[in-house]
>>> print(open('protein.pdb').read())   # PDB, C-alpha atoms
ATOM      1  CA  MET A   7     -10.816-120.710  86.004  1.00  0.00           C
ATOM      2  CA  THR A   8     -10.265-116.996  86.083  1.00  0.00           C
ATOM      3  CA  GLY A   9      -8.652-114.765  88.745  1.00  0.00           C
ATOM      4  CA  PRO A  10     -10.405-112.548  91.255  1.00  0.00           C
ATOM      5  CA  PRO A  11     -12.955-110.098  89.857  1.00  0.00           C
ATOM      6  CA  GLY A  12     -11.610-106.752  88.705  1.00  0.00           C
ATOM      7  CA  PRO A  13     -12.892-103.390  90.006  1.00  0.00           C
ATOM      8  CA  GLU A  14     -15.326-103.109  87.105  1.00  0.00           C
ATOM      9  CA  GLU A  15     -16.915-106.459  88.034  1.00  0.00           C
ATOM     10  CA  MET A  16     -17.257-105.804  91.819  1.00  0.00           C
ATOM     11  CA  GLU A  17     -20.270-104.226  93.429  1.00  0.00           C
ATOM     12  CA  PHE A  18     -19.647-101.328  95.841  1.00  0.00           C
ATOM     13  CA  GLU A  19     -21.765 -99.569  98.409  1.00  0.00           C
ATOM     14  CA  PRO A  20     -23.330 -96.286  97.289  1.00  0.00           C
ATOM     15  CA  GLY A  21     -20.964 -93.397  97.972  1.00  0.00           C
ATOM     16  CA  TYR A  22     -17.837 -95.580  97.835  1.00  0.00           C
ATOM     17  CA  LEU A  23     -14.831 -93.877  96.302  1.00  0.00           C
ATOM     18  CA  PRO A  24     -12.024 -96.158  95.178  1.00  0.00           C
ATOM     19  CA  PRO A  25      -8.535 -95.279  96.454  1.00  0.00           C
ATOM     20  CA  ASP A  26      -6.523 -92.863  94.366  1.00  0.00           C
ATOM     21  CA  PRO A  27      -3.728 -94.883  92.708  1.00  0.00           C
ATOM     22  CA  ASP A  28      -1.368 -91.878  92.935  1.00  0.00           C
ATOM     23  CA  GLU A  29      -1.813 -91.472  96.711  1.00  0.00           C
ATOM     24  CA  PRO A  30       0.912 -93.100  98.820  1.00  0.00           C
ATOM     25  CA  PRO A  31      -0.239 -95.651 101.403  1.00  0.00           C
ATOM     26  CA  PRO A  32      -0.701 -94.435 104.990  1.00  0.00           C
ATOM     27  CA  VAL A  33       2.371 -94.537 107.204  1.00  0.00           C
ATOM     28  CA  GLU A  34       2.206 -96.599 110.376  1.00  0.00           C
ATOM     29  CA  LEU A  35       3.594 -94.767 113.411  1.00  0.00           C
ATOM     30  CA  TRP A  36       6.023 -97.425 114.617  1.00  0.00           C
ATOM     31  CA  SER A  37       7.459 -98.104 111.173  1.00  0.00           C
ATOM     32  CA  ALA A  38       7.910 -94.370 110.601  1.00  0.00           C
ATOM     33  CA  VAL A  39       9.880 -93.713 113.783  1.00  0.00           C
ATOM     34  CA  GLY A  40      11.856 -96.930 113.876  1.00  0.00           C
ATOM     35  CA  ASP A  41      12.251 -99.635 116.434  1.00  0.00           C
ATOM     36  CA  ILE A  42      13.935 -97.703 119.238  1.00  0.00           C
ATOM     37  CA  PRO A  43      14.321 -99.522 122.582  1.00  0.00           C
ATOM     38  CA  PRO A  44      12.787 -97.353 125.319  1.00  0.00           C
ATOM     39  CA  TRP A  45      15.876 -97.209 127.561  1.00  0.00           C
ATOM     40  CA  GLY A  46      14.931 -93.783 128.941  1.00  0.00           C
ATOM     41  CA  THR A  47      11.549 -95.058 130.088  1.00  0.00           C
ATOM     42  CA  ALA A  48      13.179 -98.134 131.625  1.00  0.00           C
ATOM     43  CA  LEU A  49      15.766 -95.979 133.400  1.00  0.00           C
ATOM     44  CA  LEU A  50      13.091 -93.782 134.950  1.00  0.00           C
ATOM     45  CA  LEU A  51      10.987 -96.781 136.021  1.00  0.00           C
ATOM     46  CA  LEU A  52      14.001 -98.460 137.628  1.00  0.00           C
ATOM     47  CA  SER A  53      14.951 -95.263 139.458  1.00  0.00           C
ATOM     48  CA  TRP A  54      11.403 -94.880 140.793  1.00  0.00           C
ATOM     49  CA  ALA A  55      11.466 -98.514 141.929  1.00  0.00           C
ATOM     50  CA  ALA A  56      14.861 -98.077 143.626  1.00  0.00           C
ATOM     51  CA  VAL A  57      13.712 -94.984 145.537  1.00  0.00           C
ATOM     52  CA  PHE A  58      10.438 -96.672 146.514  1.00  0.00           C
ATOM     53  CA  ALA A  59      12.212 -99.870 147.623  1.00  0.00           C
ATOM     54  CA  THR A  60      14.617 -97.864 149.763  1.00  0.00           C
ATOM     55  CA  VAL A  61      11.790 -95.855 151.338  1.00  0.00           C
ATOM     56  CA  ALA A  62       9.846 -99.089 151.951  1.00  0.00           C
ATOM     57  CA  PHE A  63      12.898-100.832 153.426  1.00  0.00           C
ATOM     58  CA  ARG A  64      13.301 -97.927 155.847  1.00  0.00           C
ATOM     59  CA  GLN A  65       9.552 -98.187 156.668  1.00  0.00           C
ATOM     60  CA  GLU A  66       8.950 -94.557 155.682  1.00  0.00           C
ATOM     61  CA  ILE A  67       6.106 -94.997 153.184  1.00  0.00           C
ATOM     62  CA  GLY A  68       3.300 -92.573 153.941  1.00  0.00           C
ATOM     63  CA  ASP A  69       5.337 -90.585 156.477  1.00  0.00           C
ATOM     64  CA  PRO A  70       5.183 -86.935 155.301  1.00  0.00           C
ATOM     65  CA  SER A  71       8.359 -85.877 157.113  1.00  0.00           C
ATOM     66  CA  ALA A  72      10.293 -88.830 155.617  1.00  0.00           C
ATOM     67  CA  LEU A  73       8.963 -88.083 152.111  1.00  0.00           C
ATOM     68  CA  PHE A  74       9.979 -84.461 152.652  1.00  0.00           C
ATOM     69  CA  ALA A  75      13.502 -85.628 153.491  1.00  0.00           C
ATOM     70  CA  TRP A  76      13.542 -87.687 150.267  1.00  0.00           C
ATOM     71  CA  GLY A  77      12.719 -84.629 148.133  1.00  0.00           C
ATOM     72  CA  ALA A  78       9.004 -83.924 148.285  1.00  0.00           C
ATOM     73  CA  SER A  79       8.193 -80.346 147.351  1.00  0.00           C
ATOM     74  CA  ALA A  80       6.641 -78.152 150.016  1.00  0.00           C
ATOM     75  CA  PRO A  81       5.669 -74.469 150.116  1.00  0.00           C
ATOM     76  CA  ARG A  82       7.426 -71.677 152.030  1.00  0.00           C
ATOM     77  CA  MET A  83      10.998 -72.812 151.551  1.00  0.00           C
ATOM     78  CA  ASP A  84      13.989 -70.850 150.296  1.00  0.00           C
ATOM     79  CA  MET A  85      14.699 -70.830 146.543  1.00  0.00           C
ATOM     80  CA  LEU A  86      17.750 -73.116 146.692  1.00  0.00           C
ATOM     81  CA  ASP A  87      15.922 -75.804 148.668  1.00  0.00           C
ATOM     82  CA  THR A  88      12.850 -75.508 146.439  1.00  0.00           C
ATOM     83  CA  ALA A  89      14.797 -75.743 143.167  1.00  0.00           C
ATOM     84  CA  TRP A  90      16.179 -79.264 143.563  1.00  0.00           C
ATOM     85  CA  ARG A  91      12.854 -80.541 144.907  1.00  0.00           C
ATOM     86  CA  LEU A  92      10.989 -79.544 141.736  1.00  0.00           C
ATOM     87  CA  LEU A  93      12.496 -82.519 139.924  1.00  0.00           C
ATOM     88  CA  ALA A  94      13.421 -84.759 142.871  1.00  0.00           C
ATOM     89  CA  SER A  95       9.772 -84.987 143.904  1.00  0.00           C
ATOM     90  CA  THR A  96       8.979 -86.746 140.597  1.00  0.00           C
ATOM     91  CA  PHE A  97      11.036 -89.745 141.746  1.00  0.00           C
ATOM     92  CA  VAL A  98       9.299 -90.133 145.128  1.00  0.00           C
ATOM     93  CA  HIS A  99       5.893 -91.840 145.425  1.00  0.00           C
ATOM     94  CA  ALA A 100       3.522 -91.892 148.391  1.00  0.00           C
ATOM     95  CA  GLY A 101       2.516 -95.547 148.171  1.00  0.00           C
ATOM     96  CA  ALA A 102       2.470 -98.728 146.094  1.00  0.00           C
ATOM     97  CA  ALA A 103      -0.751 -97.806 144.267  1.00  0.00           C
ATOM     98  CA  HIS A 104       0.659 -94.355 143.446  1.00  0.00           C
ATOM     99  CA  LEU A 105       3.804 -95.945 142.001  1.00  0.00           C
ATOM    100  CA  PHE A 106       1.825 -98.619 140.125  1.00  0.00           C
ATOM    101  CA  PHE A 107      -0.452 -96.170 138.333  1.00  0.00           C
ATOM    102  CA  ASN A 108       2.361 -93.782 137.463  1.00  0.00           C
ATOM    103  CA  ALA A 109       4.453 -96.701 136.158  1.00  0.00           C
ATOM    104  CA  THR A 110       1.543 -98.007 134.084  1.00  0.00           C
ATOM    105  CA  SER A 111       0.995 -94.569 132.566  1.00  0.00           C
ATOM    106  CA  MET A 112       4.714 -94.214 131.908  1.00  0.00           C
ATOM    107  CA  LEU A 113       4.743 -97.564 130.088  1.00  0.00           C
ATOM    108  CA  ILE A 114       1.981 -96.253 127.818  1.00  0.00           C
ATOM    109  CA  PHE A 115       3.373 -92.790 127.046  1.00  0.00           C
ATOM    110  CA  GLY A 116       7.132 -93.091 127.581  1.00  0.00           C
ATOM    111  CA  PRO A 117       8.131 -95.428 124.734  1.00  0.00           C
ATOM    112  CA  ALA A 118       6.013 -93.517 122.206  1.00  0.00           C
ATOM    113  CA  VAL A 119       7.550 -90.176 123.199  1.00  0.00           C
ATOM    114  CA  GLU A 120      11.047 -91.688 123.052  1.00  0.00           C
ATOM    115  CA  ARG A 121      10.400 -92.965 119.533  1.00  0.00           C
ATOM    116  CA  ILE A 122       8.923 -89.738 118.235  1.00  0.00           C
ATOM    117  CA  PHE A 123      11.036 -87.095 120.015  1.00  0.00           C
ATOM    118  CA  THR A 124      14.263 -89.132 120.565  1.00  0.00           C
ATOM    119  CA  ARG A 125      15.552 -90.159 123.958  1.00  0.00           C
ATOM    120  CA  TRP A 126      16.946 -86.706 124.762  1.00  0.00           C
ATOM    121  CA  GLY A 127      13.670 -85.088 123.754  1.00  0.00           C
ATOM    122  CA  PHE A 128      11.888 -87.534 126.042  1.00  0.00           C
ATOM    123  CA  PHE A 129      14.097 -86.473 128.968  1.00  0.00           C
ATOM    124  CA  VAL A 130      13.578 -82.781 128.170  1.00  0.00           C
ATOM    125  CA  VAL A 131       9.778 -83.194 128.099  1.00  0.00           C
ATOM    126  CA  TYR A 132       9.825 -85.281 131.303  1.00  0.00           C
ATOM    127  CA  THR A 133      12.104 -82.825 133.132  1.00  0.00           C
ATOM    128  CA  ALA A 134      10.322 -79.661 132.013  1.00  0.00           C
ATOM    129  CA  GLY A 135       6.882 -81.184 132.578  1.00  0.00           C
ATOM    130  CA  GLY A 136       7.800 -82.581 135.993  1.00  0.00           C
ATOM    131  CA  ALA A 137       9.396 -79.340 137.189  1.00  0.00           C
ATOM    132  CA  GLY A 138       6.525 -77.260 135.795  1.00  0.00           C
ATOM    133  CA  ALA A 139       3.895 -79.465 137.414  1.00  0.00           C
ATOM    134  CA  SER A 140       5.801 -79.412 140.722  1.00  0.00           C
ATOM    135  CA  LEU A 141       5.964 -75.622 140.532  1.00  0.00           C
ATOM    136  CA  ALA A 142       2.219 -75.407 139.838  1.00  0.00           C
ATOM    137  CA  SER A 143       1.494 -77.786 142.727  1.00  0.00           C
ATOM    138  CA  LEU A 144       3.765 -75.740 144.950  1.00  0.00           C
ATOM    139  CA  ALA A 145       1.948 -72.510 144.058  1.00  0.00           C
ATOM    140  CA  TRP A 146      -1.435 -74.140 144.641  1.00  0.00           C
ATOM    141  CA  ARG A 147      -0.373 -75.553 148.006  1.00  0.00           C
ATOM    142  CA  ALA A 148       1.100 -72.214 149.085  1.00  0.00           C
ATOM    143  CA  ALA A 149      -2.192 -70.488 148.273  1.00  0.00           C
ATOM    144  CA  ARG A 150      -4.464 -73.109 149.893  1.00  0.00           C
ATOM    145  CA  HIS A 151      -2.636 -74.379 152.981  1.00  0.00           C
ATOM    146  CA  ASP A 152      -1.811 -71.969 155.765  1.00  0.00           C
ATOM    147  CA  ALA A 153      -0.091 -74.163 158.345  1.00  0.00           C
ATOM    148  CA  GLY A 154       1.509 -77.560 158.650  1.00  0.00           C
ATOM    149  CA  LEU A 155       3.521 -79.630 156.252  1.00  0.00           C
ATOM    150  CA  SER A 156       1.858 -79.923 152.852  1.00  0.00           C
ATOM    151  CA  ILE A 157       3.970 -81.982 150.460  1.00  0.00           C
ATOM    152  CA  SER A 158       3.736 -83.028 146.829  1.00  0.00           C
ATOM    153  CA  VAL A 159       5.319 -86.170 145.327  1.00  0.00           C
ATOM    154  CA  GLY A 160       4.990 -88.243 142.178  1.00  0.00           C
ATOM    155  CA  ALA A 161       5.540 -88.104 138.440  1.00  0.00           C
ATOM    156  CA  SER A 162       1.955 -87.498 137.328  1.00  0.00           C
ATOM    157  CA  GLY A 163       2.682 -83.997 136.031  1.00  0.00           C
ATOM    158  CA  ALA A 164       5.679 -85.217 134.037  1.00  0.00           C
ATOM    159  CA  ILE A 165       3.575 -88.039 132.570  1.00  0.00           C
ATOM    160  CA  PHE A 166       0.838 -85.557 131.606  1.00  0.00           C
ATOM    161  CA  ALA A 167       3.556 -83.575 129.803  1.00  0.00           C
ATOM    162  CA  LEU A 168       4.520 -86.725 127.870  1.00  0.00           C
ATOM    163  CA  GLY A 169       0.880 -87.225 126.899  1.00  0.00           C
ATOM    164  CA  GLY A 170       0.668 -83.582 125.840  1.00  0.00           C
ATOM    165  CA  ALA A 171       3.770 -84.017 123.694  1.00  0.00           C
ATOM    166  CA  LEU A 172       2.097 -86.956 121.945  1.00  0.00           C
ATOM    167  CA  LEU A 173      -0.999 -84.843 121.280  1.00  0.00           C
ATOM    168  CA  VAL A 174       1.157 -82.073 119.835  1.00  0.00           C
ATOM    169  CA  SER A 175       3.009 -84.554 117.613  1.00  0.00           C
ATOM    170  CA  ALA A 176      -0.299 -85.973 116.364  1.00  0.00           C
ATOM    171  CA  TYR A 177      -1.449 -82.504 115.362  1.00  0.00           C
TER     172      TYR A 177
END
>>> encode(input="protein.pdb", output="structure tokens")
Amino acid sequence: MTGPPGPEEMEFEPGYLPPDPDEPPPVELWSAVGDIPPWGTALLLLSWAAVFATVAFRQEIGDPSALFAWGASAPRMDMLDTAWRLLASTFVHAGAAHLFFNATSMLIFGPAVERIFTRWGFFVVYTAGGAGASLASLAWRAARHDAGLSISVGASGAIFALGGALLVSAY
């Protein structure tokens, strides 16, 4: 009995090019960046859950004035009050579905960004993306809403920044 057929004995599809023996094998993403526990992602998810649980316990979910007190961003405020809200608003969510979908997205993008950019890079991307998205939302709300309380909450902008970072790293 002989071994498996060699390349000269096998039949290939037309147009098939055998692999170059000098080319290194492809690198798998997770083996290239290591097995890093996503503690930053877990920390953010736990902080979102703690804020949401506290707001729910106080029966303030969906109340715009209560969300504003918790850190929602709103137009036409002084610079000092606006500054801390740019990031604080990323920890406040308007409802259970809002929190669920942001958490699901964070579980998809967060660990990958932590592995590729390091934990500190992950926090920089999250912070810059969240503050930038809050600022953009604030500008849009200031231009579109003339009266009344118009607030913005959630981490969607920060999560989009994490997804953008992954696209940049893939390029």
>>> closest_residue(input="protein.pdb", among="A:Ile165, A:Val159, A:Ala139, A:Ala148", to="Phe115 (chain A)", atoms="only C-alpha atoms")
A:Ile165
>>> closest_residue(input="protein.pdb", among="A:Phe123, A:Tyr22, A:Phe58, A:Trp45", to="Phe106 (chain A)", atoms="only C-alpha atoms")
A:Phe58
>>> atom_distance(input="protein.pdb", atom1="CA of Gly101 (chain A)", atom2="CA of Phe63 (chain A)")
12.8 Å
>>> closest_residue(input="protein.pdb", among="A:Gly163, A:Gly77, A:Pro117, A:Pro25", to="Leu51 (chain A)", atoms="all atoms listed in the file")
A:Pro117
>>> closest_residue(input="protein.pdb", among="A:Gly160, A:Gly169, A:Gly116, A:Pro81", to="Leu144 (chain A)", atoms="only C-alpha atoms")
A:Pro81
>>> closest_residue(input="protein.pdb", among="A:Ser111, A:Ala56, A:Ile157, A:His99", to="Met83 (chain A)", atoms="all atoms listed in the file")
A:Ile157
>>> axis_aligned_box(input="protein.pdb", around="region 48-57 of chain A", padding_each_side="6 Å", output="lines of an AutoDock Vina configuration file")
center_x = 13.4
center_y = -96.1
center_z = 138.6
size_x = 16.8
size_y = 16.7
size_z = 25.9
>>> closest_residue(input="protein.pdb", among="A:Tyr177, A:Val131, A:Thr47, A:Ile67", to="Ala103 (chain A)", atoms="only C-alpha atoms")
A:Ile67
>>> resolve_selection(input="protein.pdb", expression="the PyMOL selection byres ((chain A and resi 91-97) around 9)", output="ChimeraX atom specification")
/A:50,53-55,57-58,73-74,76-80,87-90,98-99,133-134,136-141,144,158-164
>>> atom_distance(input="protein.pdb", atom1="CA of Tyr132 (chain A)", atom2="CA of Met85 (chain A)")
21.6 Å
>>> atom_distance(input="protein.pdb", atom1="CA of Leu155 (chain A)", atom2="CA of Thr60 (chain A)")
22.3 Å
>>> decode(input="protein.pdb", residues="region 88-104 of chain A", atoms="N, CA, C and O atoms", output="JSON list (two decimals), in the first residue's frame")
[["chain", "number", "residue", "atom", "x", "y", "z"],
["A", 88, "THR", "N", -21.44, 71.40, 29.75],
["A", 88, "THR", "CA", -21.46, 70.57, 28.55],
["A", 88, "THR", "C", -20.29, 69.60, 28.52],
["A", 88, "THR", "O", -20.44, 68.45, 28.11],
["A", 89, "ALA", "N", -19.12, 70.03, 28.97],
["A", 89, "ALA", "CA", -17.90, 69.23, 28.84],
["A", 89, "ALA", "C", -18.01, 67.87, 29.53],
["A", 89, "ALA", "O", -17.71, 66.84, 28.92],
["A", 90, "TRP", "N", -18.45, 67.82, 30.76],
["A", 90, "TRP", "CA", -18.50, 66.54, 31.46],
["A", 90, "TRP", "C", -19.60, 65.64, 30.91],
["A", 90, "TRP", "O", -19.52, 64.42, 30.98],
["A", 91, "ARG", "N", -20.63, 66.24, 30.32],
["A", 91, "ARG", "CA", -21.74, 65.46, 29.76],
["A", 91, "ARG", "C", -21.37, 64.75, 28.46],
["A", 91, "ARG", "O", -22.03, 63.78, 28.09],
["A", 92, "LEU", "N", -20.33, 65.24, 27.77],
["A", 92, "LEU", "CA", -19.95, 64.62, 26.50],
["A", 92, "LEU", "C", -19.58, 63.15, 26.70],
["A", 92, "LEU", "O", -19.89, 62.31, 25.85],
["A", 93, "LEU", "N", -18.94, 62.83, 27.79],
["A", 93, "LEU", "CA", -18.59, 61.45, 28.07],
["A", 93, "LEU", "C", -19.59, 60.78, 29.02],
["A", 93, "LEU", "O", -19.91, 59.60, 28.85],
["A", 94, "ALA", "N", -20.12, 61.52, 29.97],
["A", 94, "ALA", "CA", -21.07, 60.94, 30.93],
["A", 94, "ALA", "C", -22.31, 60.39, 30.22],
["A", 94, "ALA", "O", -22.86, 59.36, 30.63],
["A", 95, "SER", "N", -22.73, 61.03, 29.16],
["A", 95, "SER", "CA", -23.93, 60.59, 28.44],
["A", 95, "SER", "C", -23.74, 59.21, 27.81],
["A", 95, "SER", "O", -24.72, 58.52, 27.53],
["A", 96, "THR", "N", -22.49, 58.77, 27.61],
["A", 96, "THR", "CA", -22.27, 57.44, 27.03],
["A", 96, "THR", "C", -22.51, 56.31, 28.03],
["A", 96, "THR", "O", -22.55, 55.15, 27.65],
["A", 97, "PHE", "N", -22.69, 56.66, 29.30],
["A", 97, "PHE", "CA", -22.95, 55.65, 30.33],
["A", 97, "PHE", "C", -24.43, 55.57, 30.70],
["A", 97, "PHE", "O", -24.82, 54.70, 31.47],
["A", 98, "VAL", "N", -25.24, 56.47, 30.17],
["A", 98, "VAL", "CA", -26.67, 56.52, 30.48],
["A", 98, "VAL", "C", -27.44, 55.99, 29.27],
["A", 98, "VAL", "O", -27.14, 56.35, 28.14],
["A", 99, "HIS", "N", -28.43, 55.14, 29.52],
["A", 99, "HIS", "CA", -29.25, 54.59, 28.43],
["A", 99, "HIS", "C", -30.72, 54.84, 28.72],
["A", 99, "HIS", "O", -31.15, 54.84, 29.87],
["A", 100, "ALA", "N", -31.48, 55.04, 27.65],
["A", 100, "ALA", "CA", -32.88, 55.47, 27.76],
["A", 100, "ALA", "C", -33.84, 54.33, 28.09],
["A", 100, "ALA", "O", -34.97, 54.59, 28.48],
["A", 101, "GLY", "N", -33.44, 53.10, 27.92],
["A", 101, "GLY", "CA", -34.33, 51.98, 28.19],
["A", 101, "GLY", "C", -33.59, 50.66, 28.11],
["A", 101, "GLY", "O", -32.41, 50.61, 27.73],
["A", 102, "ALA", "N", -34.28, 49.58, 28.43],
["A", 102, "ALA", "CA", -33.66, 48.25, 28.45],
["A", 102, "ALA", "C", -33.23, 47.82, 27.04],
["A", 102, "ALA", "O", -32.15, 47.25, 26.88],
["A", 103, "ALA", "N", -34.05, 48.09, 26.04],
["A", 103, "ALA", "CA", -33.69, 47.72, 24.67],
["A", 103, "ALA", "C", -32.46, 48.50, 24.21],
["A", 103, "ALA", "O", -31.57, 47.94, 23.55],
["A", 104, "HIS", "N", -32.40, 49.79, 24.55],
["A", 104, "HIS", "CA", -31.26, 50.62, 24.20],
["A", 104, "HIS", "C", -29.99, 50.04, 24.82],
["A", 104, "HIS", "O", -28.95, 49.89, 24.15]]
